[in-house]
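Asker: Okay, so here is upload35.pdb, and as you'll see once you scroll down, it has PDB, C-alpha atoms and all ligand atoms.
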ATOM      1  CA  MET A  19      -2.766  -5.459  34.386
ATOM      2  CA  ASP A  20      -3.095  -2.362  36.635
ATOM      3  CA  THR A  21      -1.197   0.826  36.150
ATOM      4  CA  ARG A  22       2.182   0.163  34.622
ATOM      5  CA  LYS A  23       4.930   2.184  33.125
ATOM      6  CA  GLN A  24       4.619   2.614  29.398
ATOM      7  CA  PHE A  25       7.688   0.527  28.586
ATOM      8  CA  GLU A  26       6.315  -2.313  30.711
ATOM      9  CA  VAL A  27       2.992  -2.254  28.910
ATOM     10  CA  LEU A  28       4.841  -2.288  25.607
ATOM     11  CA  GLN A  29       7.075  -5.135  26.696
ATOM     12  CA  TRP A  30       4.101  -7.216  27.773
ATOM     13  CA  ALA A  31       2.357  -6.672  24.439
ATOM     14  CA  SER A  32       5.428  -7.386  22.322
ATOM     15  CA  LEU A  33       6.076 -10.650  24.130
ATOM     16  CA  PHE A  34       2.421 -11.639  23.956
ATOM     17  CA  LEU A  35       2.348 -11.020  20.211
ATOM     18  CA  GLU A  36       5.564 -12.908  19.654
ATOM     19  CA  LYS A  37       4.220 -15.898  21.571
ATOM     20  CA  ASN A  38       1.127 -15.808  19.405
ATOM     21  CA  LYS A  39       3.199 -15.588  16.203
ATOM     22  CA  ARG A  40       2.180 -12.035  15.397
ATOM     23  CA  GLU A  41       4.449  -9.158  14.509
ATOM     24  CA  PRO A  42       5.602  -7.598  17.808
ATOM     25  CA  ARG A  43       6.299  -4.177  16.294
ATOM     26  CA  VAL A  44       2.570  -3.387  15.876
ATOM     27  CA  ALA A  45       2.273  -3.094  19.668
ATOM     28  CA  GLU A  46       4.015   0.257  19.481
ATOM     29  CA  LEU A  47       1.628   1.688  16.881
ATOM     30  CA  LEU A  48      -1.399   0.502  18.791
ATOM     31  CA  LEU A  49      -0.259   1.818  22.158
ATOM     32  CA  GLN A  50       0.653   5.147  20.631
ATOM     33  CA  HIS A  51      -2.860   5.269  19.192
ATOM     34  CA  HIS A  52      -4.490   4.472  22.556
ATOM     35  CA  LEU A  53      -2.409   7.141  24.278
ATOM     36  CA  ASN A  54      -3.272   9.574  21.505
ATOM     37  CA  ILE A  55       0.247  11.000  21.354
ATOM     38  CA  SER A  56       2.844  11.577  18.648
ATOM     39  CA  ARG A  57       5.701   9.197  17.949
ATOM     40  CA  ASN A  58       8.170  11.580  19.569
ATOM     41  CA  GLU A  59       6.116  11.983  22.710
ATOM     42  CA  PHE A  60       5.680   8.232  22.817
ATOM     43  CA  TYR A  61       9.434   7.719  23.028
ATOM     44  CA  MET A  62       9.870  10.476  25.597
ATOM     45  CA  ARG A  63       7.234   9.077  27.921
ATOM     46  CA  MET A  64       8.462   5.485  28.198
ATOM     47  CA  ARG A  65       8.832   5.818  31.984
ATOM     48  CA  ASP A  66       5.422   7.472  32.557
ATOM     49  CA  GLU A  67       2.570   5.525  34.102
ATOM     50  CA  VAL A  68      -0.194   4.481  31.696
ATOM     51  CA  PRO A  69      -3.713   4.998  33.149
ATOM     52  CA  ALA A  70      -5.398   1.688  34.021
ATOM     53  CA  GLU A  71      -8.329   2.171  31.637
ATOM     54  CA  ILE A  72      -5.944   2.703  28.728
ATOM     55  CA  VAL A  73      -3.994  -0.404  29.673
ATOM     56  CA  GLN A  74      -7.316  -2.258  29.687
ATOM     57  CA  SER A  75      -8.536  -1.142  26.264
ATOM     58  CA  PHE A  76      -5.075  -1.586  24.735
ATOM     59  CA  GLN A  77      -4.888  -5.113  26.116
ATOM     60  CA  THR A  78      -8.314  -5.961  24.651
ATOM     61  CA  ASP A  79      -7.179  -4.821  21.185
ATOM     62  CA  ILE A  80      -3.875  -6.700  21.405
ATOM     63  CA  GLU A  81      -5.725  -9.882  22.331
ATOM     64  CA  ARG A  82      -8.239  -9.418  19.517
ATOM     65  CA  HIS A  83      -5.415  -8.943  17.011
ATOM     66  CA  ALA A  84      -3.574 -12.011  18.317
ATOM     67  CA  GLN A  85      -6.670 -14.211  18.241
ATOM     68  CA  THR A  86      -8.379 -13.158  15.018
ATOM     69  CA  GLY A  87      -5.550 -11.652  12.979
ATOM     70  CA  VAL A  88      -7.550  -8.447  12.458
ATOM     71  CA  PRO A  89      -4.948  -5.924  11.272
ATOM     72  CA  ILE A  90      -3.949  -3.223  13.738
ATOM     73  CA  GLN A  91      -4.570  -0.758  10.910
ATOM     74  CA  HIS A  92      -8.250  -1.768  10.833
ATOM     75  CA  ILE A  93      -8.481  -1.304  14.597
ATOM     76  CA  ILE A  94      -6.939   2.159  14.537
ATOM     77  CA  GLY A  95      -8.486   3.000  11.144
ATOM     78  CA  TYR A  96      -5.447   4.178   9.221
ATOM     79  CA  GLU A  97      -2.026   3.280   7.891
ATOM     80  CA  THR A  98       0.889   5.644   7.425
ATOM     81  CA  PHE A  99       2.241   5.709   3.878
ATOM     82  CA  TYR A 100       5.054   8.021   2.778
ATOM     83  CA  GLY A 101       4.528  10.064   5.941
ATOM     84  CA  ARG A 102       0.783  10.585   5.493
ATOM     85  CA  GLU A 103      -2.189   8.875   7.120
ATOM     86  CA  PHE A 104      -4.608   6.957   4.906
ATOM     87  CA  LEU A 105      -7.990   5.682   6.052
ATOM     88  CA  VAL A 106      -8.150   1.922   5.459
ATOM     89  CA  ASN A 107     -10.935  -0.641   5.876
ATOM     90  CA  GLU A 108     -12.014  -4.034   4.560
ATOM     91  CA  HIS A 109     -12.517  -2.625   1.047
ATOM     92  CA  VAL A 110      -8.887  -1.695   0.410
ATOM     93  CA  LEU A 111      -5.468  -3.274   0.647
ATOM     94  CA  ILE A 112      -3.468  -1.846   3.537
ATOM     95  CA  PRO A 113      -0.671  -0.051   1.679
ATOM     96  CA  ARG A 114       2.697  -1.769   2.099
ATOM     97  CA  PRO A 115       6.176  -0.344   2.678
ATOM     98  CA  GLU A 116       7.357  -1.962  -0.591
ATOM     99  CA  THR A 117       4.910   0.252  -2.425
ATOM    100  CA  GLU A 118       6.594   3.351  -0.979
ATOM    101  CA  GLU A 119       9.629   2.226  -2.960
ATOM    102  CA  LEU A 120       7.519   2.028  -6.124
ATOM    103  CA  VAL A 121       6.388   5.592  -5.489
ATOM    104  CA  GLN A 122      10.031   6.646  -5.067
ATOM    105  CA  GLN A 123      10.884   5.139  -8.452
ATOM    106  CA  VAL A 124       8.046   7.025 -10.112
ATOM    107  CA  ILE A 125       9.113  10.303  -8.505
ATOM    108  CA  GLN A 126      12.628   9.777  -9.814
ATOM    109  CA  GLN A 127      11.353   8.938 -13.315
ATOM    110  CA  SER A 128       9.108  11.974 -13.303
ATOM    111  CA  LYS A 129      11.941  14.279 -12.290
ATOM    112  CA  ASN A 130      14.086  12.892 -15.134
ATOM    113  CA  MET A 131      11.534  13.894 -17.741
ATOM    114  CA  PRO A 132      12.073  17.274 -19.423
ATOM    115  CA  ASN A 133       8.402  18.277 -19.322
ATOM    116  CA  LYS A 134       7.188  18.407 -15.707
ATOM    117  CA  SER A 135       3.481  18.840 -16.402
ATOM    118  CA  GLN A 136       2.986  15.136 -16.927
ATOM    119  CA  THR A 137      -0.178  13.069 -16.832
ATOM    120  CA  ILE A 138       0.076  10.129 -14.436
ATOM    121  CA  VAL A 139      -2.353   7.208 -14.034
ATOM    122  CA  ASP A 140      -2.429   4.881 -11.016
ATOM    123  CA  ILE A 141      -4.243   1.664 -11.927
ATOM    124  CA  GLY A 142      -5.993  -0.224  -9.109
ATOM    125  CA  THR A 143      -5.640   2.636  -6.657
ATOM    126  CA  GLY A 144      -7.195   0.957  -3.567
ATOM    127  CA  SER A 145      -6.784   3.418  -0.676
ATOM    128  CA  GLY A 146      -5.357   5.935  -3.151
ATOM    129  CA  ALA A 147      -1.932   5.710  -1.507
ATOM    130  CA  ILE A 148       0.108   5.814  -4.736
ATOM    131  CA  ALA A 149      -1.972   8.401  -6.603
ATOM    132  CA  ILE A 150      -2.352  10.763  -3.658
ATOM    133  CA  THR A 151       1.322  10.596  -2.691
ATOM    134  CA  LEU A 152       2.372  11.324  -6.270
ATOM    135  CA  ALA A 153      -0.043  14.245  -6.548
ATOM    136  CA  GLN A 154       1.421  15.699  -3.348
ATOM    137  CA  GLU A 155       5.069  15.078  -4.168
ATOM    138  CA  LEU A 156       4.782  16.133  -7.828
ATOM    139  CA  PRO A 157       2.465  19.147  -7.749
ATOM    140  CA  GLU A 158       2.934  19.980 -11.437
ATOM    141  CA  THR A 159       1.455  16.676 -12.599
ATOM    142  CA  THR A 160      -2.154  15.747 -13.377
ATOM    143  CA  VAL A 161      -3.105  12.515 -11.655
ATOM    144  CA  PHE A 162      -5.822  10.005 -12.571
ATOM    145  CA  ALA A 163      -6.597   6.853 -10.608
ATOM    146  CA  THR A 164      -8.756   3.851 -11.481
ATOM    147  CA  ASP A 165     -10.237   0.931  -9.607
ATOM    148  CA  ILE A 166     -12.917  -1.612 -10.428
ATOM    149  CA  SER A 167     -14.225  -1.462  -6.863
ATOM    150  CA  GLU A 168     -16.666   1.376  -6.114
ATOM    151  CA  GLN A 169     -16.076   0.833  -2.407
ATOM    152  CA  ALA A 170     -12.318   1.191  -2.798
ATOM    153  CA  LEU A 171     -12.824   4.369  -4.818
ATOM    154  CA  ALA A 172     -14.963   5.806  -2.019
ATOM    155  CA  VAL A 173     -12.088   5.242   0.430
ATOM    156  CA  ALA A 174      -9.580   6.734  -2.027
ATOM    157  CA  GLN A 175     -11.802   9.775  -2.595
ATOM    158  CA  HIS A 176     -12.100  10.272   1.164
ATOM    159  CA  ASN A 177      -8.307  10.137   1.515
ATOM    160  CA  ALA A 178      -7.801  12.559  -1.375
ATOM    161  CA  THR A 179     -10.210  15.030   0.217
ATOM    162  CA  GLN A 180      -8.591  14.698   3.656
ATOM    163  CA  LEU A 181      -5.108  15.168   2.232
ATOM    164  CA  GLN A 182      -6.216  17.849  -0.214
ATOM    165  CA  ALA A 183      -4.981  16.034  -3.296
ATOM    166  CA  ASN A 184      -6.546  16.795  -6.640
ATOM    167  CA  ILE A 185      -7.130  13.444  -8.352
ATOM    168  CA  THR A 186      -9.606  12.316 -10.992
ATOM    169  CA  PHE A 187     -10.980   8.924  -9.933
ATOM    170  CA  LEU A 188     -12.427   6.629 -12.610
ATOM    171  CA  GLN A 189     -14.249   3.365 -12.094
ATOM    172  CA  GLY A 190     -13.626   0.441 -14.447
ATOM    173  CA  ASP A 191     -11.379  -2.342 -15.676
ATOM    174  CA  PHE A 192      -7.724  -1.281 -15.256
ATOM    175  CA  LEU A 193      -6.988   1.373 -17.946
ATOM    176  CA  GLN A 194     -10.351   1.142 -19.718
ATOM    177  CA  PRO A 195     -12.038   4.148 -18.072
ATOM    178  CA  PHE A 196      -8.975   6.316 -18.760
ATOM    179  CA  ILE A 197      -8.950   5.217 -22.414
ATOM    180  CA  SER A 198     -12.702   5.910 -22.702
ATOM    181  CA  ASN A 199     -11.979   9.486 -21.590
ATOM    182  CA  GLN A 200      -9.679   9.867 -24.653
ATOM    183  CA  LYS A 201      -6.750  10.638 -22.363
ATOM    184  CA  LYS A 202      -3.042   9.907 -22.881
ATOM    185  CA  ALA A 203      -0.588   9.341 -20.041
ATOM    186  CA  ASP A 204       3.121  10.048 -19.676
ATOM    187  CA  ILE A 205       3.528   7.744 -16.682
ATOM    188  CA  ILE A 206       1.500   4.683 -15.781
ATOM    189  CA  VAL A 207       1.975   3.136 -12.352
ATOM    190  CA  SER A 208       0.304   0.097 -10.847
ATOM    191  CA  ASN A 209       0.453  -2.273  -7.930
ATOM    192  CA  PRO A 210      -2.116  -4.697  -9.321
ATOM    193  CA  PRO A 211      -3.247  -7.978  -7.761
ATOM    194  CA  TYR A 212      -0.366 -10.382  -8.421
ATOM    195  CA  ILE A 213      -0.666 -13.362  -6.094
ATOM    196  CA  ALA A 214      -1.487 -16.754  -7.635
ATOM    197  CA  LYS A 215      -4.512 -18.370  -5.998
ATOM    198  CA  ALA A 216      -2.333 -21.434  -5.318
ATOM    199  CA  GLU A 217      -0.213 -19.280  -2.995
ATOM    200  CA  GLU A 218      -3.142 -18.377  -0.764
ATOM    201  CA  VAL A 219      -1.992 -21.001   1.758
ATOM    202  CA  THR A 220       1.279 -19.109   2.287
ATOM    203  CA  LEU A 221      -0.464 -15.871   3.394
ATOM    204  CA  THR A 222      -1.051 -14.971   7.044
ATOM    205  CA  ASP A 223      -4.688 -14.680   8.142
ATOM    206  CA  THR A 224      -4.144 -10.932   8.620
ATOM    207  CA  VAL A 225      -3.769 -10.722   4.839
ATOM    208  CA  LYS A 226      -6.002 -13.610   3.747
ATOM    209  CA  LYS A 227      -9.026 -12.716   5.859
ATOM    210  CA  PHE A 228      -8.802  -8.935   5.913
ATOM    211  CA  ASP A 229      -7.316  -7.630   2.658
ATOM    212  CA  PRO A 230      -9.931  -7.804  -0.152
ATOM    213  CA  GLU A 231      -9.579 -10.828  -2.482
ATOM    214  CA  LEU A 232      -9.869  -8.517  -5.464
ATOM    215  CA  ALA A 233      -6.733  -6.716  -4.309
ATOM    216  CA  LEU A 234      -4.616  -9.838  -3.882
ATOM    217  CA  PHE A 235      -5.266 -12.554  -6.422
ATOM    218  CA  ALA A 236      -4.827 -12.803 -10.157
ATOM    219  CA  ASP A 237      -5.207 -15.710 -12.593
ATOM    220  CA  ASP A 238      -2.460 -17.000 -14.860
ATOM    221  CA  ASN A 239      -0.030 -17.590 -12.022
ATOM    222  CA  GLY A 240      -0.611 -14.046 -10.772
ATOM    223  CA  LEU A 241       0.158 -12.490 -14.180
ATOM    224  CA  ALA A 242      -3.363 -11.822 -15.492
ATOM    225  CA  ALA A 243      -3.519  -8.159 -14.436
ATOM    226  CA  TYR A 244      -0.156  -7.337 -16.052
ATOM    227  CA  LYS A 245      -1.250  -9.051 -19.274
ATOM    228  CA  LYS A 246      -4.484  -7.086 -19.389
ATOM    229  CA  ILE A 247      -2.858  -3.748 -18.545
ATOM    230  CA  ILE A 248      -0.072  -4.253 -21.101
ATOM    231  CA  THR A 249      -2.573  -4.963 -23.889
ATOM    232  CA  GLN A 250      -4.474  -1.788 -22.921
ATOM    233  CA  LEU A 251      -1.326   0.359 -22.696
ATOM    234  CA  PRO A 252      -0.899   1.306 -26.391
ATOM    235  CA  GLN A 253      -4.296   3.058 -26.347
ATOM    236  CA  ALA A 254      -3.480   4.973 -23.165
ATOM    237  CA  ILE A 255      -0.076   6.510 -23.940
ATOM    238  CA  ASP A 256       1.786   8.673 -26.387
ATOM    239  CA  SER A 257       5.125   7.280 -27.499
ATOM    240  CA  GLY A 258       7.981   7.669 -25.019
ATOM    241  CA  ALA A 259       5.874   6.951 -21.932
ATOM    242  CA  THR A 260       7.058   5.216 -18.757
ATOM    243  CA  VAL A 261       5.378   2.354 -16.897
ATOM    244  CA  ALA A 262       6.219   1.247 -13.352
ATOM    245  CA  PHE A 263       4.777  -1.961 -11.901
ATOM    246  CA  GLU A 264       5.086  -3.485  -8.478
ATOM    247  CA  ILE A 265       5.609  -7.237  -8.893
ATOM    248  CA  GLY A 266       5.809 -10.424  -6.868
ATOM    249  CA  HIS A 267       9.437 -11.303  -6.165
ATOM    250  CA  GLU A 268       9.443 -14.138  -8.719
ATOM    251  CA  GLN A 269       7.716 -12.261 -11.517
ATOM    252  CA  GLY A 270      10.518 -10.028 -12.805
ATOM    253  CA  GLU A 271      11.333 -12.072 -15.865
ATOM    254  CA  ALA A 272       7.734 -12.830 -16.816
ATOM    255  CA  VAL A 273       6.568  -9.213 -16.549
ATOM    256  CA  SER A 274       9.662  -7.935 -18.393
ATOM    257  CA  SER A 275       9.037 -10.325 -21.237
ATOM    258  CA  LEU A 276       5.352  -9.361 -21.475
ATOM    259  CA  LEU A 277       6.447  -5.731 -21.766
ATOM    260  CA  ASN A 278       9.188  -6.563 -24.228
ATOM    261  CA  ASN A 279       6.721  -8.375 -26.513
ATOM    262  CA  GLN A 280       4.429  -5.362 -26.635
ATOM    263  CA  PHE A 281       7.159  -2.683 -26.664
ATOM    264  CA  PRO A 282      10.306  -4.245 -28.188
ATOM    265  CA  THR A 283      12.274  -0.979 -28.343
ATOM    266  CA  SER A 284      11.599   0.118 -24.753
ATOM    267  CA  ASN A 285      14.177   0.060 -21.967
ATOM    268  CA  ILE A 286      13.086  -2.421 -19.271
ATOM    269  CA  ASN A 287      14.585  -2.806 -15.784
ATOM    270  CA  VAL A 288      13.795  -5.107 -12.879
ATOM    271  CA  ILE A 289      14.469  -3.289  -9.584
ATOM    272  CA  GLN A 290      14.917  -4.789  -6.107
ATOM    273  CA  ASP A 291      13.326  -3.599  -2.874
ATOM    274  CA  ILE A 292      15.327  -2.869   0.308
ATOM    275  CA  ASN A 293      15.160  -6.562   1.177
ATOM    276  CA  GLY A 294      16.995  -7.391  -2.047
ATOM    277  CA  LYS A 295      13.948  -8.976  -3.681
ATOM    278  CA  ASP A 296      12.822  -8.233  -7.226
ATOM    279  CA  ARG A 297       9.903  -5.902  -6.571
ATOM    280  CA  MET A 298       9.451  -3.489  -9.465
ATOM    281  CA  VAL A 299       9.622  -3.441 -13.234
ATOM    282  CA  VAL A 300      10.149  -0.030 -14.793
ATOM    283  CA  ALA A 301      10.030   0.439 -18.552
ATOM    284  CA  THR A 302      10.841   3.726 -20.260
ATOM    285  CA  GLY A 303      10.587   4.798 -23.882
ATOM    286  CA  LEU A 304       7.417   2.814 -24.584
TER
HETATM  287  N1  LIG B   1      -2.706   0.746  -5.200
HETATM  288  C1  LIG B   1      -3.052   0.277  -3.875
HETATM  289  C2  LIG B   1      -1.766   0.028  -3.068
HETATM  290  O1  LIG B   1      -0.707  -0.106  -3.690
HETATM  291  O2  LIG B   1      -1.829  -0.026  -1.844
HETATM  292  C3  LIG B   1      -3.898  -0.990  -3.930
HETATM  293  C4  LIG B   1      -3.268  -2.119  -4.669
HETATM  294  S1  LIG B   1      -4.161  -3.653  -4.574
HETATM  295  C5  LIG B   1      -2.820  -4.774  -4.673
HETATM  296  C6  LIG B   1      -4.877  -3.826  -6.187
HETATM  297  C7  LIG B   1      -6.115  -2.966  -6.496
HETATM  298  O3  LIG B   1      -6.540  -3.273  -7.832
HETATM  299  C8  LIG B   1      -7.313  -3.192  -5.600
HETATM  300  O4  LIG B   1      -7.760  -1.975  -5.078
HETATM  301  C9  LIG B   1      -8.372  -3.805  -6.532
HETATM  302  O5  LIG B   1      -9.694  -3.393  -6.233
HETATM  303  C10 LIG B   1      -7.945  -3.265  -7.868
HETATM  304  N2  LIG B   1      -8.377  -4.083  -9.017
HETATM  305  C11 LIG B   1      -8.479  -5.435  -9.099
HETATM  306  N3  LIG B   1      -8.912  -5.793 -10.313
HETATM  307  C12 LIG B   1      -9.086  -4.652 -11.023
HETATM  308  C13 LIG B   1      -9.535  -4.370 -12.357
HETATM  309  N4  LIG B   1      -9.890  -5.343 -13.191
HETATM  310  N5  LIG B   1      -9.574  -3.085 -12.751
HETATM  311  C14 LIG B   1      -9.224  -2.082 -11.895
HETATM  312  N6  LIG B   1      -8.798  -2.286 -10.642
HETATM  313  C15 LIG B   1      -8.727  -3.558 -10.200
HETATM  314  N1  LIG B   2       2.350  -7.352  -1.496
HETATM  315  C1  LIG B   2       1.067  -7.823  -1.051
HETATM  316  C2  LIG B   2       1.201  -9.029  -0.120
HETATM  317  O1  LIG B   2       2.244  -9.608  -0.030
HETATM  318  C3  LIG B   2       0.208  -8.213  -2.234
HETATM  319  C4  LIG B   2      -0.135  -7.064  -3.072
HETATM  320  C5  LIG B   2      -0.478  -7.430  -4.463
HETATM  321  O2  LIG B   2      -0.921  -8.530  -4.829
HETATM  322  N2  LIG B   2      -0.273  -6.487  -5.305
HETATM  323  O3  LIG B   2       0.276  -9.389   0.560
END
Can the structure from this file be put into structure tokens for me?

Answerer:
Amino acid sequence: MDTRKQFEVLQWASLFLEKNKREPRVAELLLQHHLNISRNEFYMRMRDEVPAEIVQSFQTDIERHAQTGVPIQHIIGYETFYGREFLVNEHVLIPRPETEELVQQVIQQSKNMPNKSQTIVDIGTGSGAIAITLAQELPETTVFATDISEQALAVAQHNATQLQANITFLQGDFLQPFISNQKKADIIVSNPPYIAKAEEVTLTDTVKKFDPELALFADDNGLAAYKKIITQLPQAIDSGATVAFEIGHEQGEAVSSLLNNQFPTSNINVIQDINGKDRMVVATGL
């Protein structure tokens, strides 16, 4: 392709991706990145010519994504989450839009609590997306974040520094490092691994080959992480705490009943995402 107008370049890429069974919308993000301009500018310049060398490098990336499934976010190096940019690489799950809804739930729960100087723990923090967003949106809280992966924690720490969020990162098995620090939380939030290994065949190669295994899969039909976290919970909270989990869309009942067994007097709700799928379980009054 030689010089073309921006909308033509975009059209070519979207069609090419569609033909190759990839999400066409990523073309926009990638082209915007190659042009090094803001989203607004991008829309204003649709009729401008794109320099030939940019068309060339953009085309190479689009073809690489189509052929290998490498996520666009790995090519450009970041993903936007709740309006902020997070460095991502092969050591962390690319944060998902569903998880922004989990964050929204936690913000709402936090604002409903009478005491605003709460302690929050994000378990399995990955890129740090949940913990860092909460620390920014709820400046009166104290935020801890755990992960078993040292490499994930390094990415999360980098993001926290870049975004100037004050988080205490702890390495270990789910809540264990927080418990070892003799701390008690008011709110616990987690998007743990929840996919059953048997479902691996249903994932696209963008997920299967490029998100870390540790971030995706859990034993016991995808429930193992919830089971472990729920058994750890009593040691990590004072009474009256809130827990918010992201879940797989068929796990609402199972996760609710695990919580109900451990905390029979708590108030447990399964909440849907914007696509109408069960996506979160929030329990208050633990
Ligand atoms: N919180 C991030 C998000 O929502 O984008 C990442 C979520 S990813 C689904 C799950 C995370 O849990 C991964 O970063 C993984 O390393 C971490 N993890 C897996 N097993 C763990 C364990 N036993 N203890 C602590 N973290 C664990
Ligand atoms: N929601 C992610 C996916 O569909 C999985 C994240 C998780 O297991 N917590 O790929």

Asker: Would you write out, as a ChimeraX atom specification, every residue that the PyMOL selection byres (((not hetatm)) within 6 of (chain B and resi 2)) captures in this file?

Answerer: /A:209-213,234

Asker: I'd like the residues picked by the PyMOL selection byres (((not hetatm)) within 8 of (chain B and resi 1)) written out as a PyMOL selection string, using the chain letters and numbers from the file.

Answerer: chain A and resi 109-114+117+140-149+164-167+170+189-193+208-212+230+232-234+243

Asker: How many Å separate CA of Ala163 in chain A from CA of Glu118 in chain A?

Answerer: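 Rounded to one decimal, the two atoms are 16.7 Å apart.
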
Asker: What gap, in Å, lies between CA of Pro132 in chain A and CA of Asp291 in chain A?

Answerer: 26.7 Å

Asker: So, with only C-alpha atoms as the atoms that count, which of A:Asn38, A:Gln24, A:Gln269, A:Asn279 lies closest to Arg63 in chain A?

Answerer: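 Of the candidates, the smallest distance to Arg63 in chain A is held by A:Gln24.
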
Asker: Taking the file above as input, evaluate the PyMOL selection byres (((chain A and resi 53-55) around 10) and not hetatm) and report the hits as a ChimeraX atom specification.

Answerer: /A:24,48-52,56-61,63,68-69,72-73,76

Asker: Give me, as a PyMOL selection string, all polymer residues having an atom no more than 9 Å from Tyr244 in chain A, counting only C-alpha atoms and skipping those fewer than 4 positions away in the same chain.

Answerer: chain A and resi 210-212+240+248-249+263+273+276-277

Asker: Restrict the selected residues to C-alpha atoms and save them as an mmCIF file, in the frame of the given file.

Answerer:
data_model
loop_
_atom_site.group_PDB
_atom_site.id
_atom_site.type_symbol
_atom_site.label_atom_id
_atom_site.label_comp_id
_atom_site.auth_asym_id
_atom_site.auth_seq_id
_atom_site.Cartn_x
_atom_site.Cartn_y
_atom_site.Cartn_z
ATOM 1 C CA PRO A 210 -2.116 -4.697 -9.321
ATOM 2 C CA PRO A 211 -3.247 -7.978 -7.761
ATOM 3 C CA TYR A 212 -0.366 -10.382 -8.421
ATOM 4 C CA GLY A 240 -0.611 -14.046 -10.772
ATOM 5 C CA ILE A 248 -0.072 -4.253 -21.101
ATOM 6 C CA THR A 249 -2.573 -4.963 -23.889
ATOM 7 C CA PHE A 263 4.777 -1.961 -11.901
ATOM 8 C CA VAL A 273 6.568 -9.213 -16.549
ATOM 9 C CA LEU A 276 5.352 -9.361 -21.475
ATOM 10 C CA LEU A 277 6.447 -5.731 -21.766
#

Asker: Taking only C-alpha atoms into account, produce a table as a Markdown table in which each residue of range 33-136 of chain A with an atom at most 12 Å from an atom of range 179-185 of chain A appears once, together with its shortest atom pair and the distance in Å to one decimal, ordered by chain and rising number.

Answerer:
| residue | atom | partner | partner_atom | distance |
| --- | --- | --- | --- | --- |
| A:Gly101 | CA | A:Leu181 | CA | 11.5 |
| A:Arg102 | CA | A:Leu181 | CA | 8.1 |
| A:Glu103 | CA | A:Leu181 | CA | 8.5 |
| A:Phe104 | CA | A:Leu181 | CA | 8.6 |
| A:Leu105 | CA | A:Gln180 | CA | 9.3 |

Asker: Mind writing the picked residues with C-alpha atoms as a PDB file, in the coordinates of the input?

Answerer:
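What follows is the written file result.pdb:
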ATOM      1  CA  GLY A 101       4.528  10.064   5.941  1.00  0.00           C
ATOM      2  CA  ARG A 102       0.783  10.585   5.493  1.00  0.00           C
ATOM      3  CA  GLU A 103      -2.189   8.875   7.120  1.00  0.00           C
ATOM      4  CA  PHE A 104      -4.608   6.957   4.906  1.00  0.00           C
ATOM      5  CA  LEU A 105      -7.990   5.682   6.052  1.00  0.00           C
TER       6      LEU A 105
END

Asker: Which residue, A:Thr160, A:Gln169, A:Gln280, A:Gln175, has the smallest gap to Phe187 in chain A when you use only C-alpha atoms?

Answerer: A:Gln175

Asker: I'd like the interatomic distance between CA of Thr283 in chain A and CA of Thr302 in chain A, to a tenth of an Å.

Answerer: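 Rounded to one decimal, the two atoms are 9.5 Å apart.
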
Asker: Rank nothing, just name the residue among A:Val106, A:Ala31, A:Leu251, A:Ala178 nearest to Gln74 in chain A, using only C-alpha atoms.

Answerer: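 Using only C-alpha atoms, Gln74 in chain A sits closest to A:Ala31.
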
Asker: Determine the nearest neighbour of Glu108 in chain A from the options A:Arg22, A:Arg43, A:Lys226, A:Lys201, counting all atoms listed in the file.

Answerer: A:Lys226

Asker: Let me know the centre plus edge lengths, in Å and rounded to one decimal, of a box with edges along x, y and z that contains all listed atoms of range 254-264 of chain A and is padded by 6 Å on every side, as lines of an AutoDock Vina configuration file.

Answerer:
center_x = 2.3
center_y = 2.6
center_z = -18.0
size_x = 23.5
size_y = 24.2
size_z = 31.0

Asker: N, CA, C and O atoms for range 224-230 of chain A, written as a compact mmCIF listing (two decimals), in the frame of the given file, could you do that?

Answerer:
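Once written, result.txt looks like this:
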# COMPACT_ATOMS: atom_id res chain seq x y z
N THR A 224 -4.00 -12.40 8.66
CA THR A 224 -4.14 -10.93 8.62
C THR A 224 -4.34 -10.45 7.18
O THR A 224 -5.12 -9.54 6.91
N VAL A 225 -3.62 -11.08 6.25
CA VAL A 225 -3.77 -10.72 4.84
C VAL A 225 -4.98 -11.44 4.23
O VAL A 225 -5.87 -10.81 3.65
N LYS A 226 -5.01 -12.75 4.41
CA LYS A 226 -6.00 -13.61 3.75
C LYS A 226 -7.43 -13.23 4.12
O LYS A 226 -8.31 -13.17 3.29
N LYS A 227 -7.66 -12.97 5.41
CA LYS A 227 -9.03 -12.72 5.86
C LYS A 227 -9.42 -11.25 5.82
O LYS A 227 -10.60 -10.93 5.86
N PHE A 228 -8.45 -10.35 5.73
CA PHE A 228 -8.80 -8.94 5.91
C PHE A 228 -8.44 -8.01 4.76
O PHE A 228 -8.99 -6.93 4.66
N ASP A 229 -7.51 -8.41 3.88
CA ASP A 229 -7.32 -7.63 2.66
C ASP A 229 -8.33 -8.17 1.64
O ASP A 229 -8.57 -9.38 1.60
N PRO A 230 -8.92 -7.31 0.79
CA PRO A 230 -9.93 -7.80 -0.15
C PRO A 230 -9.32 -8.78 -1.17
O PRO A 230 -8.21 -8.54 -1.67
